[in-house]
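Student: My file is protein_23.txt. It has compact mmCIF, C-alpha atoms and all ligand atoms:
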```txt
# COMPACT_ATOMS: atom_id res chain seq x y z
CA MET H 1 0.00 0.00 0.00
CA PRO H 2 1.50 3.39 -0.99
CA SER H 3 2.30 5.86 1.84
CA ILE H 4 0.13 8.96 2.16
CA PHE H 5 3.33 10.96 1.57
CA SER H 6 4.32 9.16 -1.62
CA TYR H 7 4.29 10.78 -5.06
CA GLN H 8 0.90 10.59 -6.86
CA SER H 9 -0.98 9.18 -3.84
CA ALA H 10 -3.50 12.10 -4.01
CA GLU H 11 -7.09 11.59 -5.17
CA VAL H 12 -6.73 14.28 -7.82
CA ASP H 13 -4.29 14.78 -10.64
CA TRP H 14 -4.39 18.06 -12.59
CA CYS H 15 -4.29 18.26 -16.37
CA GLU H 16 -0.61 19.18 -16.73
CA GLY H 17 1.50 16.09 -17.50
CA ASN H 18 3.54 14.66 -14.62
CA PHE H 19 7.35 14.69 -14.47
CA GLU H 20 7.62 16.18 -17.97
CA ARG H 21 10.09 18.91 -17.03
CA SER H 22 11.72 17.58 -13.90
CA ALA H 23 12.32 14.23 -12.22
CA VAL H 24 11.39 15.61 -8.77
CA ILE H 25 8.59 18.09 -9.58
CA ALA H 26 5.43 16.32 -10.71
CA GLU H 27 3.60 19.34 -12.20
CA TYR H 28 6.21 21.95 -13.07
CA TYR H 29 4.08 24.98 -14.07
CA ASN H 30 1.42 24.26 -11.44
CA THR H 31 4.23 24.30 -8.87
CA ILE H 32 6.07 27.45 -9.92
CA SER H 33 2.86 29.48 -10.42
CA ASN H 34 2.41 29.37 -6.63
CA VAL H 35 4.91 32.20 -6.50
CA SER H 36 1.75 34.40 -6.79
CA PHE H 37 0.83 33.63 -3.14
CA PHE H 38 4.35 34.44 -1.92
CA LEU H 39 4.11 37.85 -3.62
CA LEU H 40 0.51 38.52 -2.57
CA ALA H 41 1.05 38.53 1.22
CA PRO H 42 3.95 41.05 1.36
CA ALA H 43 2.21 43.24 -1.26
CA LEU H 44 -0.91 43.43 0.92
CA LEU H 45 1.09 44.21 4.05
CA TYR H 46 3.21 46.85 2.33
CA LEU H 47 0.49 48.67 0.42
CA ASN H 48 -2.07 48.72 3.22
CA ARG H 49 0.50 49.72 5.84
CA GLN H 50 -1.62 52.43 7.47
CA TYR H 51 -4.38 49.92 8.12
CA ARG H 52 -1.83 47.31 9.18
CA GLN H 53 -0.60 49.67 11.90
CA GLN H 54 -4.14 49.80 13.30
CA ARG H 55 -5.04 46.13 12.83
CA ALA H 56 -1.71 44.33 13.01
CA LEU H 57 -2.90 40.96 14.34
CA PRO H 58 -5.45 40.10 11.61
CA MET H 59 -3.21 41.41 8.83
CA TYR H 60 -0.14 39.42 9.92
CA PHE H 61 -2.22 36.33 10.75
CA VAL H 62 -3.97 36.18 7.35
CA SER H 63 -0.76 37.03 5.47
CA ALA H 64 1.04 34.18 7.27
CA LEU H 65 -1.80 31.83 6.32
CA LEU H 66 -1.61 32.96 2.67
CA ILE H 67 2.10 32.06 2.74
CA CYS H 68 1.11 28.65 4.18
CA VAL H 69 -1.35 28.24 1.27
CA GLY H 70 1.58 28.94 -1.09
CA ILE H 71 3.89 26.49 0.69
CA PHE H 72 1.36 23.65 0.85
CA SER H 73 0.10 24.19 -2.69
CA THR H 74 3.72 24.09 -3.91
CA TYR H 75 4.28 20.85 -1.97
CA PHE H 76 1.04 19.37 -3.34
CA HIS H 77 1.79 20.05 -7.01
CA MET H 78 5.39 18.99 -6.56
CA THR H 79 4.45 15.59 -5.12
CA LEU H 80 0.74 15.06 -5.87
CA SER H 81 0.66 13.29 -2.52
CA TYR H 82 -2.43 12.65 -0.39
CA VAL H 83 -0.93 14.66 2.50
CA GLY H 84 -0.08 17.49 0.08
CA GLN H 85 -3.68 17.62 -1.16
CA LEU H 86 -5.12 17.75 2.37
CA LEU H 87 -2.61 20.39 3.54
CA ASP H 88 -3.41 22.50 0.46
CA GLU H 89 -7.16 22.32 1.10
CA LEU H 90 -6.98 22.71 4.87
CA SER H 91 -4.69 25.74 4.70
CA ILE H 92 -7.26 27.43 2.41
CA LEU H 93 -10.08 26.49 4.81
CA TRP H 94 -8.22 27.91 7.84
CA ALA H 95 -7.14 31.08 5.99
CA LEU H 96 -10.77 31.73 5.02
CA ALA H 97 -11.97 30.91 8.56
CA VAL H 98 -9.51 33.34 10.14
CA ALA H 99 -10.42 36.06 7.61
CA TYR H 100 -14.15 35.53 8.32
CA SER H 101 -13.56 35.58 12.09
CA PHE H 102 -11.78 38.93 12.01
CA TRP H 103 -13.65 40.72 9.26
CA TYR H 104 -17.18 39.34 8.89
CA PRO H 105 -19.29 42.45 9.54
CA LYS H 106 -21.28 42.33 12.80
CA VAL H 107 -24.47 43.40 10.96
CA TYR H 108 -24.54 39.98 9.25
CA PHE H 109 -23.98 37.90 12.42
CA PRO H 110 -26.73 35.32 13.03
CA ARG H 111 -29.22 36.59 15.63
CA PHE H 112 -28.04 34.24 18.38
CA ILE H 113 -24.48 35.64 18.16
CA LYS H 114 -24.05 38.67 20.42
CA SER H 115 -20.36 39.55 20.07
CA ARG H 116 -17.27 38.99 17.90
CA LYS H 117 -15.92 36.70 20.63
CA GLN H 118 -18.93 34.41 20.21
CA PHE H 119 -18.50 34.60 16.43
CA PHE H 120 -14.87 33.48 16.85
CA TRP H 121 -16.13 30.41 18.73
CA LEU H 122 -18.76 29.67 16.09
CA SER H 123 -16.16 29.94 13.29
CA GLY H 124 -13.68 27.85 15.30
CA VAL H 125 -16.12 25.01 15.94
CA THR H 126 -17.39 25.06 12.32
CA THR H 127 -13.82 24.96 11.01
CA VAL H 128 -12.74 22.10 13.29
CA VAL H 129 -15.82 20.07 12.24
CA SER H 130 -15.15 20.87 8.55
CA THR H 131 -11.50 19.86 9.02
CA LEU H 132 -12.55 16.46 10.36
CA MET H 133 -15.13 16.02 7.58
CA SER H 134 -12.56 16.91 4.92
CA PHE H 135 -10.94 13.49 5.37
CA ILE H 136 -14.12 11.73 4.18
CA LYS H 137 -13.78 12.68 0.50
CA PRO H 138 -10.81 15.03 -0.11
CA ALA H 139 -11.65 15.45 -3.83
CA PHE H 140 -14.96 17.10 -2.81
CA ASN H 141 -13.27 19.69 -0.55
CA ALA H 142 -12.10 21.95 -3.38
CA TYR H 143 -15.69 22.27 -4.69
CA ALA H 144 -16.95 23.18 -1.20
CA LEU H 145 -14.18 25.78 -0.83
CA ASN H 146 -14.98 27.30 -4.21
CA CYS H 147 -18.61 27.77 -3.08
CA ILE H 148 -17.39 30.17 -0.38
CA ALA H 149 -16.56 32.61 -3.19
CA PHE H 150 -20.32 32.82 -3.92
CA HIS H 151 -20.95 33.90 -0.34
CA LEU H 152 -18.22 36.54 -0.69
CA LEU H 153 -19.87 37.75 -3.89
CA TYR H 154 -23.22 37.98 -2.11
CA LEU H 155 -21.69 40.00 0.76
CA THR H 156 -19.96 42.32 -1.73
CA TRP H 157 -23.27 42.91 -3.51
CA ARG H 158 -25.00 43.72 -0.16
CA GLU H 159 -22.25 46.18 0.76
CA LEU H 160 -22.20 47.85 -2.67
CA LYS H 161 -25.92 48.58 -2.37
CA LYS H 162 -25.06 50.82 0.61
CA CYS H 163 -21.98 52.44 -0.91
CA ASN H 164 -21.84 55.22 -3.49
CA ASP H 165 -18.08 55.53 -3.89
CA LYS H 166 -17.50 54.91 -7.64
CA ARG H 167 -13.94 53.69 -7.04
CA VAL H 168 -15.24 50.94 -4.75
CA HIS H 169 -17.79 49.81 -7.36
CA ARG H 170 -15.09 49.75 -10.03
CA MET H 171 -12.76 47.76 -7.84
CA ALA H 172 -15.47 45.21 -7.04
CA LYS H 173 -16.18 44.80 -10.79
CA VAL H 174 -12.50 44.17 -11.52
CA MET H 175 -12.35 41.63 -8.66
CA VAL H 176 -15.31 39.76 -10.15
CA VAL H 177 -13.71 39.72 -13.62
CA TRP H 178 -10.49 38.19 -12.18
CA TRP H 179 -12.53 35.66 -10.20
CA VAL H 180 -14.63 34.64 -13.27
CA LEU H 181 -11.41 34.10 -15.25
CA ALA H 182 -9.94 32.16 -12.27
CA ILE H 183 -12.88 29.83 -11.69
CA SER H 184 -13.26 29.23 -15.45
CA SER H 185 -9.62 28.14 -15.56
CA TRP H 186 -10.06 25.87 -12.51
CA LEU H 187 -13.21 24.23 -13.91
CA SER H 188 -11.84 23.84 -17.41
CA ASP H 189 -8.69 22.17 -16.08
CA ARG H 190 -10.92 19.75 -14.13
CA TRP H 191 -13.50 19.01 -16.79
CA LEU H 192 -12.03 19.73 -20.23
CA CYS H 193 -8.60 18.17 -19.75
CA GLY H 194 -8.95 15.88 -22.80
CA LEU H 195 -9.49 18.91 -25.02
CA TRP H 196 -6.48 20.85 -23.58
CA GLN H 197 -4.25 17.79 -23.92
CA ALA H 198 -5.37 17.36 -27.54
CA ILE H 199 -4.18 20.90 -28.33
CA ASN H 200 -1.10 20.44 -26.13
CA PHE H 201 -2.02 23.23 -23.71
CA PRO H 202 -2.84 21.65 -20.31
CA TYR H 203 -1.82 24.68 -18.20
CA PHE H 204 -5.13 26.12 -16.97
CA HIS H 205 -4.56 25.19 -13.33
CA SER H 206 -1.40 27.30 -13.24
CA PHE H 207 -3.45 30.20 -14.68
CA TRP H 208 -5.92 29.62 -11.82
CA HIS H 209 -3.15 30.19 -9.23
CA VAL H 210 -2.23 33.54 -10.77
CA LEU H 211 -5.82 34.66 -11.43
CA ILE H 212 -7.18 33.81 -7.96
CA ALA H 213 -4.23 35.69 -6.43
CA MET H 214 -5.18 38.67 -8.64
CA SER H 215 -8.79 38.53 -7.46
CA LEU H 216 -7.59 38.39 -3.83
CA LEU H 217 -5.43 41.43 -4.53
CA TYR H 218 -8.69 43.29 -5.26
CA CYS H 219 -10.77 41.49 -2.64
CA CYS H 220 -8.52 42.38 0.32
CA PRO H 221 -8.69 46.20 -0.07
CA LEU H 222 -12.48 45.86 -0.37
CA VAL H 223 -12.59 43.93 2.92
CA ILE H 224 -10.34 46.56 4.53
CA TYR H 225 -12.47 49.41 3.15
CA PHE H 226 -15.67 48.00 4.65
CA ASP H 227 -13.94 47.12 7.94
CA VAL H 228 -12.72 50.71 8.38
CA ASN H 229 -16.24 51.99 7.67
CA TYR H 230 -17.78 49.62 10.22
CA GLU H 231 -15.19 49.32 12.96
CA MET H 232 -12.97 52.41 12.85
CA PRO H 233 -15.25 55.46 12.93
CA ALA H 234 -12.34 57.81 13.65
CA PHE H 235 -10.94 57.09 10.16
CA LYS H 236 -12.20 57.53 6.62
CA PRO H 237 -10.96 54.88 4.15
CA LYS H 238 -9.74 56.02 0.73
CA LEU H 239 -9.01 53.73 -2.21
CA GLU H 240 -5.76 54.44 -4.01
CA TYR H 241 -3.95 52.74 -6.88
CA TRP H 242 -0.30 51.76 -6.99
CA PRO H 243 1.82 52.93 -8.78
CA GLY H 244 -0.64 55.69 -9.76
CA ASP H 245 -4.16 56.35 -11.08
CA SER H 246 -3.10 56.85 -14.69
CA TRP H 247 -1.10 53.62 -15.08
CA PRO H 248 -2.65 50.91 -17.30
CA ILE H 249 -2.06 48.15 -14.71
CA VAL H 250 -2.71 49.10 -11.10
CA VAL H 251 -2.91 47.50 -7.67
CA PRO H 252 -5.52 48.89 -5.29
CA TYR H 253 -4.91 49.63 -1.63
CA VAL H 254 -6.52 51.56 1.21
CA THR H 255 -5.23 54.65 2.98
CA LEU H 256 -6.77 56.09 6.13
CA GLU H 257 -7.59 59.76 6.22
CA GLU H 258 -6.40 61.59 9.34
CA PRO H 259 -8.47 60.97 12.46
CA HIS H 260 -10.71 63.89 13.45
CA LYS H 261 -8.68 66.13 15.70
CA GLN H 262 -10.14 66.64 19.20
CA CYS H 263 -9.86 70.21 20.44
C1 LIG H 301 -7.66 41.93 4.34
C2 LIG H 301 -7.72 40.64 3.68
C3 LIG H 301 -8.92 39.83 3.89
C4 LIG H 301 -9.26 38.79 2.89
C5 LIG H 301 -8.62 37.52 3.16
C6 LIG H 301 -9.01 36.46 2.24
C7 LIG H 301 -8.34 35.19 2.63
C8 LIG H 301 -8.39 34.20 1.53
C9 LIG H 301 -7.81 32.97 1.91
C10 LIG H 301 -7.48 31.99 1.07
C11 LIG H 301 -7.75 31.96 -0.36
C12 LIG H 301 -6.73 31.18 -1.10
C13 LIG H 301 -7.23 30.58 -2.34
C14 LIG H 301 -6.15 30.08 -3.23
C15 LIG H 301 -6.07 28.64 -3.39
C16 LIG H 301 -4.78 28.18 -4.05
C17 LIG H 301 -4.39 26.76 -3.86
C18 LIG H 301 -5.00 25.88 -4.92
O1 LIG H 301 -4.94 26.15 -6.09
N1 LIG H 301 -5.59 24.79 -4.53
C19 LIG H 301 -6.22 23.89 -5.47
C20 LIG H 301 -5.40 22.65 -5.65
O2 LIG H 301 -4.13 22.98 -5.99
C21 LIG H 301 -7.60 23.54 -5.00
O3 LIG H 301 -8.18 22.67 -5.92
C22 LIG H 301 -8.44 24.78 -4.92
C23 LIG H 301 -9.47 24.84 -4.13
C24 LIG H 301 -10.47 25.94 -4.16
C25 LIG H 301 -10.10 27.12 -3.35
C26 LIG H 301 -11.18 28.14 -3.36
C27 LIG H 301 -10.82 29.36 -2.61
C28 LIG H 301 -11.89 30.38 -2.65
C29 LIG H 301 -11.29 31.69 -2.32
C30 LIG H 301 -12.20 32.80 -2.53
C31 LIG H 301 -11.50 34.02 -2.95
C32 LIG H 301 -12.45 34.94 -3.52
C33 LIG H 301 -11.90 36.11 -4.22
C34 LIG H 301 -12.91 36.87 -4.95
C35 LIG H 301 -14.32 36.52 -4.67
C36 LIG H 301 -15.32 37.00 -5.55
CA CA H 302 -0.99 15.98 -13.72
ZN ZN H 303 -3.24 24.28 -7.33
```
The structure in this file should be written as C-alpha cells.

Tutor:
Amino acid sequence: MPSIFSYQSAEVDWCEGNFERSAVIAEYYNTISNVSFFLLAPALLYLNRQYRQQRALPMYFVSALLICVGIFSTYFHMTLSYVGQLLDELSILWALAVAYSFWYPKVYFPRFIKSRKQFFWLSGVTTVVSTLMSFIKPAFNAYALNCIAFHLLYLTWRELKKCNDKRVHRMAKVMVVWWVLAISSWLSDRWLCGLWQAINFPYFHSFWHVLIAMSLLYCCPLVIYFDVNYEMPAFKPKLEYWPGDSWPIVVPYVTLEEPHKQC
C-alpha cells in the first residue's frame, strides 16, 4: 500500500502532464505558479500599511496563512501526494476561517451571536468540524471551498448597495472579472482536460493560481475598506492605486484619512 506521503498518492491529478520537465517536480508549471501567493502577502502588508498599523494581528495572521497556502500548494503540485492535497485544502479552509472571524461584519452575524468573541467560537467550531469532515472525501473539498466565493460575492453585492463611492464599485467589478477568469480556468482544467491535452495546452490550473491571487489582490482592499467603515469610525478609508491612477495596470490599496482632531 502506498504511503500517504508518496508521489501521486493524491485523489486528484491536474491536467498538466507529470514529471515532464523535472524528475522531482510532478507538475512543473502548477508548482512554480504558486509564486503568486508568496508575492501577494507582502504586497498586501506593504500597500495597506496604514491599516496594518491599526489592525496588526489580523493582517499578519492572514498574510502568514496565505504564505502557508503557497507552501502547501507548492508541496502538493510537486508531489501530488495525499498529504499534500489535504494540507493544500486545509490551509485554504483555515485562511478563510480566520479572515471571516476577524472581518465578517457584525451586521450579518446570526441573531443568536451577540459579540465577535462568540462569532470566533462559532467559526472555530465550524472549522474544526469541517476539518474532520474533509478526510471523508478530499476530492470534494475543493468544490466546497470554491462555493465560499459565492458567499463573498453575495456580501460584496449587499455592501455595494449601501456604498456610493465609484472607485469601490469599479474595484469590485474588476475583482469579479479576475474571479470569473480564475474559476473558469479551474473548472476547465478539471472538466475539459482531454481537449487541452489534444491541443497540447494543459496549463489552466497554473493560470488559476495567478488569477485567484489577482482577485484576492482586489478582494482584500475591499474587505479593509468596509472594515474601516464599520469598525474604525475615527478614520475615513480612501481607495488608491499603486503605482498611480493613470497607469494601465494598477494594484488597489486603502489609505486612512487623518483621524478627526479633538480640540
Ligand atoms: C484583508 C484581507 C482579507 C481577505 C482575506 C481572504 C483570505 C483568503 C484565503 C485563502 C484563499 C486562497 C485561495 C487560493 C487557493 C490556491 C491553492 C489551490 O490552487 N488549490 C487547489 C489545488 O491545488 C484547489 O483545488 C483549490 C481549491 C479551491 C479554493 C477556493 C478558494 C476560494 C477563495 C475565494 C476568494 C475569492 C476572491 C474573490 C471573490 C469574488
Ligand atoms: Ca498531472
Ligand atoms: Zn493548485

Student: Counting all atoms listed in the file, what are the residues, protein, DNA or RNA alike, that approach ligand ZN 303 (chain H) to within 9 Å? I want them as a PyMOL selection string.

Tutor: chain H and resi 14+30-31+33-34+73-74+76-77+88+186+205-206+208-209

Student: May I ask which of the residues H:Val250, H:Met232, H:Cys219, H:Val24 is the closest one to His169 (chain H), counting only C-alpha atoms?

Tutor: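 Result for the nearest residue to His169 (chain H): H:Cys219.
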
Student: Could you give me, as CSV, a per-residue list for chain H showing, wherever an atom lies at most 9 Å from an atom of ligand CA 302 (chain H), the closest pair of atoms and their distance in Å to one decimal, using only C-alpha atoms and all ligand atoms and sorting by chain then residue number from low to high?

Tutor:
```
residue,atom,partner,partner_atom,distance
H:Gln8,CA,H:CA302,CA,8.9
H:Val12,CA,H:CA302,CA,8.4
H:Asp13,CA,H:CA302,CA,4.7
H:Trp14,CA,H:CA302,CA,4.1
H:Cys15,CA,H:CA302,CA,4.8
H:Glu16,CA,H:CA302,CA,4.4
H:Gly17,CA,H:CA302,CA,4.5
H:Asn18,CA,H:CA302,CA,4.8
H:Phe19,CA,H:CA302,CA,8.5
H:Ala26,CA,H:CA302,CA,7.1
H:Glu27,CA,H:CA302,CA,5.9
H:Asn30,CA,H:CA302,CA,8.9
H:His77,CA,H:CA302,CA,8.3
H:Leu80,CA,H:CA302,CA,8.1
H:Pro202,CA,H:CA302,CA,8.9
```

Student: If the limit is 8 Å from any atom of ligand LIG 301 (chain H), counting all atoms listed in the file, which residues qualify? Return them as a ChimeraX atom specification.

Tutor: /H:30,34,37,44,58-59,62,65-66,69-70,73,76-77,85,88-89,91-96,98-100,103,141-150,152-153,175-176,178-179,186,205,208-209,212-213,215-216,218-224

Student: Restricting the calculation to all atoms listed in the file, which member of H:Ala234, H:Val180, H:Leu192, H:Val228 is positioned closest to Thr255 (chain H)?

Tutor: H:Val228

Student: Expressed in Å to a single decimal, how great is the separation between CA of Ser6 (chain H) and CA of Thr79 (chain H)?

Tutor: 7.3 Å

Student: Using all atoms listed in the file, pick whichever of H:Val210, H:Met171, H:Met78, H:Ala43 has the shortest atom-to-atom distance to Tyr28 (chain H).

Tutor: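 Result for the nearest residue to Tyr28 (chain H): H:Met78.
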
Student: Please provide the set of residues having any atom within 12 Å of Glu159 (chain H), restricted to all atoms listed in the file, with same-chain residues fewer than 6 positions apart removed, written as a PyMOL selection string.

Tutor: chain H and resi 104-105+107-108+152-153+165+168-169+172+222-223+225-227+229-230

Student: What is the CA of Leu160 (chain H) to CA of Trp242 (chain H) distance in Å?

Tutor: 22.7 Å

Student: When you draw a straight line from CA of Phe135 (chain H) to CA of Glu11 (chain H), how long is it in Å?

Tutor: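 Straight-line distance from CA of Phe135 (chain H) to CA of Glu11 (chain H) works out to 11.4 Å.
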
Student: Nearest to Gln50 (chain H): which of H:Lys236, H:Ile249, H:Phe140, H:Ser115 is it, counting all atoms listed in the file?

Tutor: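 Ranked by minimum distance to Gln50 (chain H), first place goes to H:Lys236.
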